[in-house]
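Asks: One structure is given below, represented as structure tokens, and several questions about it will come after.
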Amino acid sequence: MITTEATEDKAAAAAKVTINITGSEAVLKALITEDVKTIFGYPGGAIMPIYDALYDYNDRLKHILVRHEQGAIHAAQGFARSSGEVGIVFATSGPGATNLVTGLADAMIDSTPLVCITGQVFAHLLGSDAFQETDIINITTPVTKWNYQITDPSEIPSVLAKAFYIAKTGRPGPVLIDITKNAQLQKFDYEGYTKCDHIRSYRPKPIIRKEPIIEAASLINAAKKPFVIFGQGVILGSAENEFKAFIEKGGFPAAWTILGMSAIPTDHPLAVGMLGMHGNYAPNVFTNDCDVLIAIGMRFDDRVTGRLDKYAKQAKIIHLDIDPSEIDKNVKTEISIWGDCKETLPLLTKLIEEKQHTEWLNEFRKLEAKEVEVVINDELNPTTEKLSMGEVIKTINEITKGDAILVTDVGQHQMITCRYAKYSKSRSNITSGGLGTMGFALPAAIGAKFGAPDRTVIAIIGDGGIQMTIQELGTIMQSKINVKIVILNNEFLGMVRQWQQLFHEKRYSFVDITSPDYVQVAKGYYISGNKISKREELIDAITTMLNHDGSYLLEIMVGKENNVFPMVPQGCSVSEIRLK
Amino acid sequence: MKQEYTITVYTENQVGLLNRIAIIFSRRKINVESLNTSPTEVESVHRFTIVIDETEEVVKKLCRQIEKQVDVLKAYYNTNEEIIWQELALYKVPTDVIAEEVKVERLLREHGASAVVIRKDYTVFQVSGHREETENLIKVLEPYGLIEFVRSARVAIIKDSNGFHEKLKEFEHQQPREEVIENEYLNKGQTIFTM
């Protein structure tokens, strides 16, 4: 079906034969040619013509009706993150469009490729404060990689082609296309859809310069204590194998940022854990002890660097990134390698010497042992009466063997999951990293499952975050998607409480949050569920959840005042990381 | 050290791009001293000239953020020594006072001003030059009842620039070439022209 459509279009384009179609149909033809299969959306007045056309395209484009536009965009993010494809969102004008803003900001800071199509009032009504009119282009300018308003249907094919090209190339990001109602309704002479492969003012990636790579290799070859830190760039560039080849040849200890996680298996012999505020002890400490720091596809976020003027001052820093504006933005680099790491890494790998830094790696293992002793043992094998979040994650690891996609929300459960989850495959850790959007996990898990239907998707959410987008249980109900939901309920907004405990003299200001009976709520949506609070129930409960045919909600009561450690307190250097 | 930098941005002519560029400054709470948009020697390419008072490090980062925008072709920054620049100012003064108390010719001569309009009730002078020059004339005219004053944004020509025709050809190539990779400065020591 799809190929016929595309072939017809191509033939029409070649023969310069035009067909007279509406703007709405042109939108859907564009999506089909771009190989889109799934759309997350919500209809409304200004986007009705597109939805009307969609009625006839139902067999080729699957539309998932969400319960809130924020749910649509987070689902599209989850879809893009699990599949590596562009996530598609439909929303109407006004409130429909403004409800996308949080998701756009999230996708922008986490480099997620999205194409969002919003309806807009008739062109002649623009600027008249018409019903459901809002200036969504200007509202979304700072949170989109590109946005554009279409007022004439003839612009639709070329603008959408640009939108897809921009969203997925270079450093990916969200694109918003606002289409006025008249442009959706009017007919025009459609000449077919040609994919975009060049925009003169836009350079997604450069050709690679050899000089910095040669310099970097000689610096790396001379290093006694080289240390690799990597981010989502490795996953976004599908450079997992190139990355593995690089660290394995050089024998470099490698630590991930929260978004880089799962690019290599967590049990890889060179993996030394997660960087950052709640990351692992050794990688944080040795950031300030290595002699050459090799940063790949990461952007030195403040949660990773801690205090900048005390960050890796002793080290020569090599930074590989596709986005030149990230180079020297936060951390001054000795050598910068601008380019796609899928291309730059093999060149660098070729020039580095085959080595093993056994002693250096052992130093990491020594600190790791200390972390196990002081923090990890208590978290994974607690002697307390109440369950810990860590032992829940440990149990999930054991049962899933690290094959599941874990989608987390924001807060303590997120940090605990990212600290203790085991992953065997890339694109397994989906979380709101840069923006820290509570309410992300439930809709993102729905999208992640659509993006990777063959994998188990488990959303792990706190009792705060679940209540921000709980309405998306309705989406699960209607789309009959199989998503497992684990609520780690500590009856607090835990991360804020932890900070209030540590830095605000235990003045627990508005962090005491109550919960509904989640199992009953799920039941109301025809989703099975269970609630547990005892250690002996844990394995059975998780096994039942995973074996259940269909979605399942498992609420697990955990210790109320547990804290996430280690921690780099704000304003401290990474090497001042506290174990307790 | 903070100093005046002139940022020159070559862009596509796209609605909304002014906002996209402006918010790069406002997001970082950086005051824009002057902003001018203009066509260029190349049809369809637009040019923004932006003046800010900042350190080189900040200006460099700003230029990278500007260049990151999809519709931006290129962003350069220069110190005042590296550019030829002008601002245009208009002054409206009562004709009778001017005619009686100061010799118009003297004003014109000393400040390089020209009279744009001379009416019975008022005269409009025009001066183009650097900030100090246009400001000097305000001081001179104030005692004579300066009615209205307005100054344009800065326009600037980069001394070392060879214009944008050649650059654009590189941008239009499907595949990027070595030449466009330098994203910082124009090559020094090329044709320099001064006024």
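Chain labels run A, B, ... following the order of the structure tokens; each chain numbers its residues from 1, and ligands are numbered from 1 in the order shown.
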Give as number ranges by chain every residue of chain A that touches chain B within 6 Å, counting only C-alpha atoms.
Replies: A: 198, 200-202, 325
Asks: Need the shell around Ala263 of chain A: protein/DNA/RNA residues with any atom at most 8 Å away, counting only C-alpha atoms. Skip same-chain ones fewer than 2 positions apart. Format as number ranges by chain?
Replies: A: 232, 234-235, 240, 260-261, 265, 425-427
Asks: Name the residues in contact with Thr134 of chain B at a cut-off of 9 Å, using only C-alpha atoms, excluding same-chain residues fewer than 4 positions from it; report them as a list in words.
Replies: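 Near neighbours after the sequence-gap exclusion: Glu87, Leu88, Ala89, Leu90, His111, Val127, Ser128, Gly129, His130, Ile138 and Arg151 of chain B.
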Asks: Just the selected residues (C-alpha atoms), exported as an mmCIF file, in the first residue's frame, please.
Replies:
data_model
loop_
_atom_site.group_PDB
_atom_site.id
_atom_site.type_symbol
_atom_site.label_atom_id
_atom_site.label_comp_id
_atom_site.auth_asym_id
_atom_site.auth_seq_id
_atom_site.Cartn_x
_atom_site.Cartn_y
_atom_site.Cartn_z
ATOM 1 C CA GLU B 87 25.149 55.518 12.204
ATOM 2 C CA LEU B 88 22.736 58.054 10.809
ATOM 3 C CA ALA B 89 21.147 60.758 12.958
ATOM 4 C CA LEU B 90 18.401 63.273 12.253
ATOM 5 C CA HIS B 111 29.778 68.627 11.996
ATOM 6 C CA VAL B 127 24.685 63.549 10.227
ATOM 7 C CA SER B 128 26.246 60.190 9.697
ATOM 8 C CA GLY B 129 29.231 58.960 11.620
ATOM 9 C CA HIS B 130 30.271 57.318 14.817
ATOM 10 C CA ILE B 138 23.018 67.025 20.128
ATOM 11 C CA ARG B 151 19.525 57.863 15.489
#
Asks: Taking only segment 61-149 of chain B into account, list the residues labelled strand (DSSP E or B) by DSSP (computed from the backbone), as a PyMOL selection string.
Replies: chain B and resi 72-79+83-94+114-118+122-129+148-149
Asks: Residues of the last selection are to be written out with C-alpha atoms, as a JSON list (two decimals), in the first residue's frame.
Replies:
[["chain", "number", "residue", "atom", "x", "y", "z"],
["B", 72, "VAL", "CA", 21.25, 31.43, 9.49],
["B", 73, "LEU", "CA", 24.04, 31.11, 6.94],
["B", 74, "LYS", "CA", 26.91, 32.64, 8.86],
["B", 75, "ALA", "CA", 27.69, 34.82, 11.87],
["B", 76, "TYR", "CA", 30.84, 36.90, 12.32],
["B", 77, "TYR", "CA", 31.92, 39.13, 15.14],
["B", 78, "ASN", "CA", 34.35, 42.01, 14.97],
["B", 79, "THR", "CA", 35.85, 44.68, 17.16],
["B", 83, "ILE", "CA", 35.05, 47.33, 10.71],
["B", 84, "ILE", "CA", 33.97, 50.50, 9.00],
["B", 85, "TRP", "CA", 30.75, 51.62, 10.57],
["B", 86, "GLN", "CA", 28.28, 54.43, 10.45],
["B", 87, "GLU", "CA", 25.15, 55.52, 12.20],
["B", 88, "LEU", "CA", 22.74, 58.05, 10.81],
["B", 89, "ALA", "CA", 21.15, 60.76, 12.96],
["B", 90, "LEU", "CA", 18.40, 63.27, 12.25],
["B", 91, "TYR", "CA", 17.89, 66.53, 14.20],
["B", 92, "LYS", "CA", 14.86, 68.76, 14.05],
["B", 93, "VAL", "CA", 15.42, 72.36, 15.20],
["B", 94, "PRO", "CA", 13.37, 75.58, 14.92],
["B", 114, "SER", "CA", 23.55, 68.38, 5.75],
["B", 115, "ALA", "CA", 20.16, 69.97, 5.81],
["B", 116, "VAL", "CA", 17.52, 67.50, 4.67],
["B", 117, "VAL", "CA", 14.54, 69.82, 4.90],
["B", 118, "ILE", "CA", 14.34, 73.54, 5.51],
["B", 122, "TYR", "CA", 11.75, 73.84, 11.39],
["B", 123, "THR", "CA", 14.90, 72.48, 9.78],
["B", 124, "VAL", "CA", 16.03, 68.84, 9.74],
["B", 125, "PHE", "CA", 19.76, 68.12, 9.74],
["B", 126, "GLN", "CA", 21.35, 64.83, 8.99],
["B", 127, "VAL", "CA", 24.68, 63.55, 10.23],
["B", 128, "SER", "CA", 26.25, 60.19, 9.70],
["B", 129, "GLY", "CA", 29.23, 58.96, 11.62],
["B", 148, "GLU", "CA", 13.44, 65.97, 17.93],
["B", 149, "PHE", "CA", 16.41, 63.63, 17.64]]
Asks: Check the smallest atom-to-atom distance from each of A:Glu491, A:Phe565, A:Gly524, A:Thr266 to Gly390 of chain A using only C-alpha atoms, then report the winner.
Replies: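 Once distances to Gly390 of chain A are computed over only C-alpha atoms, the minimum belongs to A:Phe565.
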Asks: Using only C-alpha atoms, find the one residue out of B:Lys159, B:Arg28, B:Lys120, B:His46 that sits nearest to Asp96 of chain B.
Replies: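 Looking at the shortest contact to Asp96 of chain B, the residue is B:Lys120.
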Asks: Taking 5 positions as the minimum chain separation for residues in the same chain, which residues sit within 9 Å of Glu33 of chain B when counting only C-alpha atoms? Answer as a PyMOL selection string.
Replies: chain B and resi 50-53+153
Asks: Now that the selection is made, can you save its residues with all heavy atoms as a JSON list (two decimals), in the first residue's frame?
Replies:
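Result file follows (result26.json):
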[["chain", "number", "residue", "atom", "x", "y", "z"],
["B", 50, "ILE", "N", 24.43, 43.61, 14.53],
["B", 50, "ILE", "CA", 24.03, 43.71, 15.93],
["B", 50, "ILE", "C", 25.22, 44.20, 16.74],
["B", 50, "ILE", "O", 26.34, 43.71, 16.56],
["B", 50, "ILE", "CB", 23.58, 42.33, 16.47],
["B", 50, "ILE", "CG1", 22.45, 41.78, 15.60],
["B", 50, "ILE", "CG2", 23.16, 42.42, 17.93],
["B", 50, "ILE", "CD1", 22.21, 40.30, 15.76],
["B", 51, "VAL", "N", 24.99, 45.19, 17.59],
["B", 51, "VAL", "CA", 26.08, 45.70, 18.43],
["B", 51, "VAL", "C", 25.78, 45.35, 19.88],
["B", 51, "VAL", "O", 24.69, 45.61, 20.37],
["B", 51, "VAL", "CB", 26.24, 47.23, 18.28],
["B", 51, "VAL", "CG1", 27.42, 47.72, 19.12],
["B", 51, "VAL", "CG2", 26.42, 47.61, 16.82],
["B", 52, "ILE", "N", 26.76, 44.74, 20.53],
["B", 52, "ILE", "CA", 26.62, 44.48, 21.96],
["B", 52, "ILE", "C", 27.92, 44.80, 22.68],
["B", 52, "ILE", "O", 28.98, 44.87, 22.06],
["B", 52, "ILE", "CB", 26.22, 43.02, 22.29],
["B", 52, "ILE", "CG1", 27.26, 42.03, 21.75],
["B", 52, "ILE", "CG2", 24.85, 42.68, 21.76],
["B", 52, "ILE", "CD1", 27.10, 40.65, 22.33],
["B", 53, "ASP", "N", 27.81, 44.97, 23.99],
["B", 53, "ASP", "CA", 28.97, 45.27, 24.81],
["B", 53, "ASP", "C", 29.22, 44.03, 25.67],
["B", 53, "ASP", "O", 28.49, 43.79, 26.63],
["B", 53, "ASP", "CB", 28.64, 46.50, 25.69],
["B", 53, "ASP", "CG", 29.89, 47.18, 26.17],
["B", 53, "ASP", "OD1", 30.89, 47.19, 25.41],
["B", 53, "ASP", "OD2", 29.88, 47.70, 27.30],
["B", 153, "ALA", "N", 20.22, 52.48, 13.70],
["B", 153, "ALA", "CA", 21.12, 51.41, 14.15],
["B", 153, "ALA", "C", 22.42, 51.53, 13.37],
["B", 153, "ALA", "O", 22.51, 52.21, 12.36],
["B", 153, "ALA", "CB", 20.49, 50.06, 13.90]]
Asks: Residues near Pro113 of chain A, anyone? I mean within 6 Å using only C-alpha atoms, not counting same-chain ones fewer than 4 positions away, as a PyMOL selection string.
Replies: chain A and resi 86+167-168+172-174
Asks: Kindly give the distance, in Å, that separates atom CA of Glu359 of chain A and atom CA of Lys224 of chain A, rounded to a single decimal.
Replies: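 Atom CA of Lys224 of chain A lies at a distance of 9.9 Å from atom CA of Glu359 of chain A.
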Asks: Can you list, as a compact mmCIF listing (two decimals) with C-alpha atoms, in the first residue's frame, every residue of segment 28-164 of chain B that DSSP puts in alpha helix (DSSP H)?
Replies:
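The resulting file, result_26.txt, is reproduced below:
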# COMPACT_ATOMS: atom_id res chain seq x y z
CA GLU B 56 34.93 38.02 23.49
CA GLU B 57 34.13 34.69 25.09
CA VAL B 58 30.47 35.56 25.44
CA VAL B 59 30.32 36.98 21.93
CA LYS B 60 31.90 33.85 20.48
CA LYS B 61 29.32 31.65 22.19
CA LEU B 62 26.51 33.91 21.05
CA CYS B 63 27.72 33.66 17.46
CA ARG B 64 27.71 29.88 17.68
CA GLN B 65 24.16 29.92 19.02
CA ILE B 66 23.13 32.25 16.21
CA GLU B 67 24.82 30.13 13.56
CA LYS B 68 23.06 27.08 14.96
CA THR B 95 14.44 77.37 11.76
CA ASP B 96 14.15 80.90 13.21
CA VAL B 97 16.51 80.19 16.12
CA ILE B 98 19.02 78.54 13.90
CA ALA B 99 18.85 81.30 11.34
CA GLU B 100 19.21 84.05 13.93
CA GLU B 101 21.67 82.64 16.44
CA VAL B 104 23.79 77.22 9.48
CA GLU B 105 26.77 76.96 7.23
CA ARG B 106 29.09 76.79 10.21
CA LEU B 107 27.07 73.93 11.68
CA LEU B 108 27.08 72.07 8.45
CA ARG B 109 30.82 72.52 8.01
CA GLU B 110 31.92 71.68 11.54
CA HIS B 111 29.78 68.63 12.00
CA ARG B 131 28.31 57.57 18.02
CA GLU B 132 30.42 60.42 19.47
CA GLU B 133 29.97 62.51 16.36
CA THR B 134 26.22 62.28 16.33
CA GLU B 135 26.12 62.86 20.08
CA ASN B 136 28.28 65.96 19.81
CA LEU B 137 25.78 67.65 17.60
CA ILE B 138 23.02 67.03 20.13
CA LYS B 139 25.01 69.03 22.66
CA VAL B 140 25.54 71.82 20.16
CA LEU B 141 21.89 71.99 19.15
Asks: Identify which of the residues A:Ile446, A:Ile156, A:Ile476, A:Met567 lies closest to Leu406 of chain A, counting only C-alpha atoms when measuring atom-to-atom distances.
Replies: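 Answer, going by the shortest atom-to-atom distance: A:Ile446.
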Asks: Which residues come within 9 Å of Gly451 of chain A, counting only C-alpha atoms, excluding same-chain residues fewer than 4 positions away, as a CSV table (one decimal) with all heavy atoms, in the first residue's frame?
Replies:
chain,number,residue,atom,x,y,z
A,38,THR,N,3.0,5.8,12.9
A,38,THR,CA,2.3,6.1,14.1
A,38,THR,C,2.2,7.6,14.4
A,38,THR,O,3.2,8.3,14.3
A,38,THR,CB,2.9,5.4,15.3
A,38,THR,OG1,3.2,4.1,14.9
A,38,THR,CG2,2.0,5.4,16.5
A,76,ALA,N,5.3,10.7,21.7
A,76,ALA,CA,6.1,10.8,20.5
A,76,ALA,C,7.6,10.8,20.9
A,76,ALA,O,8.4,10.2,20.1
A,76,ALA,CB,5.7,12.1,19.8
A,78,GLY,N,8.9,9.2,23.5
A,78,GLY,CA,9.2,7.8,23.9
A,78,GLY,C,9.3,7.0,22.6
A,78,GLY,O,10.2,6.2,22.5
A,79,PHE,N,8.4,7.3,21.7
A,79,PHE,CA,8.5,6.5,20.4
A,79,PHE,C,9.8,6.8,19.7
A,79,PHE,O,10.5,5.8,19.2
A,79,PHE,CB,7.3,7.0,19.5
A,79,PHE,CG,7.3,6.4,18.1
A,79,PHE,CD1,6.6,5.2,17.9
A,79,PHE,CD2,8.0,7.0,17.1
A,79,PHE,CE1,6.6,4.6,16.6
A,79,PHE,CE2,7.9,6.4,15.8
A,79,PHE,CZ,7.3,5.3,15.6
A,80,ALA,N,10.2,8.1,19.6
A,80,ALA,CA,11.5,8.4,18.9
A,80,ALA,C,12.7,7.8,19.7
A,80,ALA,O,13.6,7.3,19.0
A,80,ALA,CB,11.6,9.9,18.8
A,81,ARG,N,12.6,7.8,21.0
A,81,ARG,CA,13.8,7.3,21.7
A,81,ARG,C,13.9,5.8,21.6
A,81,ARG,O,15.0,5.3,21.6
A,81,ARG,CB,13.6,7.8,23.2
A,81,ARG,CG,13.7,9.3,23.4
A,81,ARG,CD,15.1,9.8,23.7
A,81,ARG,NE,15.5,9.5,25.0
A,81,ARG,CZ,15.3,10.2,26.1
A,81,ARG,NH1,14.7,11.3,26.0
A,81,ARG,NH2,15.8,9.8,27.3
A,82,SER,N,12.8,5.1,21.6
A,82,SER,CA,12.9,3.6,21.5
A,82,SER,C,13.2,3.1,20.1
A,82,SER,O,13.8,2.1,19.9
A,82,SER,CB,11.7,2.9,22.1
A,82,SER,OG,10.6,3.0,21.2
A,83,SER,N,12.7,3.9,19.1
A,83,SER,CA,12.8,3.4,17.7
A,83,SER,C,13.9,4.1,16.9
A,83,SER,O,14.3,3.5,15.9
A,83,SER,CB,11.5,3.7,17.0
A,83,SER,OG,11.3,5.1,16.8
A,84,GLY,N,14.3,5.3,17.3
A,84,GLY,CA,15.3,6.0,16.5
A,84,GLY,C,14.6,6.7,15.3
A,84,GLY,O,15.3,7.3,14.5
A,85,GLU,N,13.3,6.7,15.2
A,85,GLU,CA,12.6,7.4,14.2
A,85,GLU,C,12.0,8.7,14.7
A,85,GLU,O,12.1,9.0,15.8
A,85,GLU,CB,11.5,6.5,13.6
A,85,GLU,CG,12.0,5.3,12.9
A,85,GLU,CD,10.9,4.2,12.7
A,85,GLU,OE1,9.7,4.5,12.7
A,85,GLU,OE2,11.3,3.0,12.7
A,446,ILE,N,4.2,4.7,26.8
A,446,ILE,CA,3.2,4.3,25.8
A,446,ILE,C,3.8,4.4,24.4
A,446,ILE,O,3.8,3.5,23.6
A,446,ILE,CB,1.9,5.2,25.8
A,446,ILE,CG1,1.2,4.9,27.2
A,446,ILE,CG2,1.0,4.9,24.7
A,446,ILE,CD1,0.1,5.9,27.5
A,447,GLY,N,4.5,5.6,24.2
A,447,GLY,CA,5.2,5.8,22.9
A,447,GLY,C,6.3,4.8,22.7
A,447,GLY,O,6.5,4.3,21.6
Asks: Tell me, in Å to one decimal, how far atom CA of Ile577 of chain A is from atom CA of Asn284 of chain A.
Replies: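 Those two atoms sit 7.2 Å apart.
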Asks: Name the residues in contact with Leu160 of chain A at a cut-off of 8 Å, using only C-alpha atoms, excluding same-chain residues fewer than 3 positions from it; report them as a count of residues only.
Replies: 7
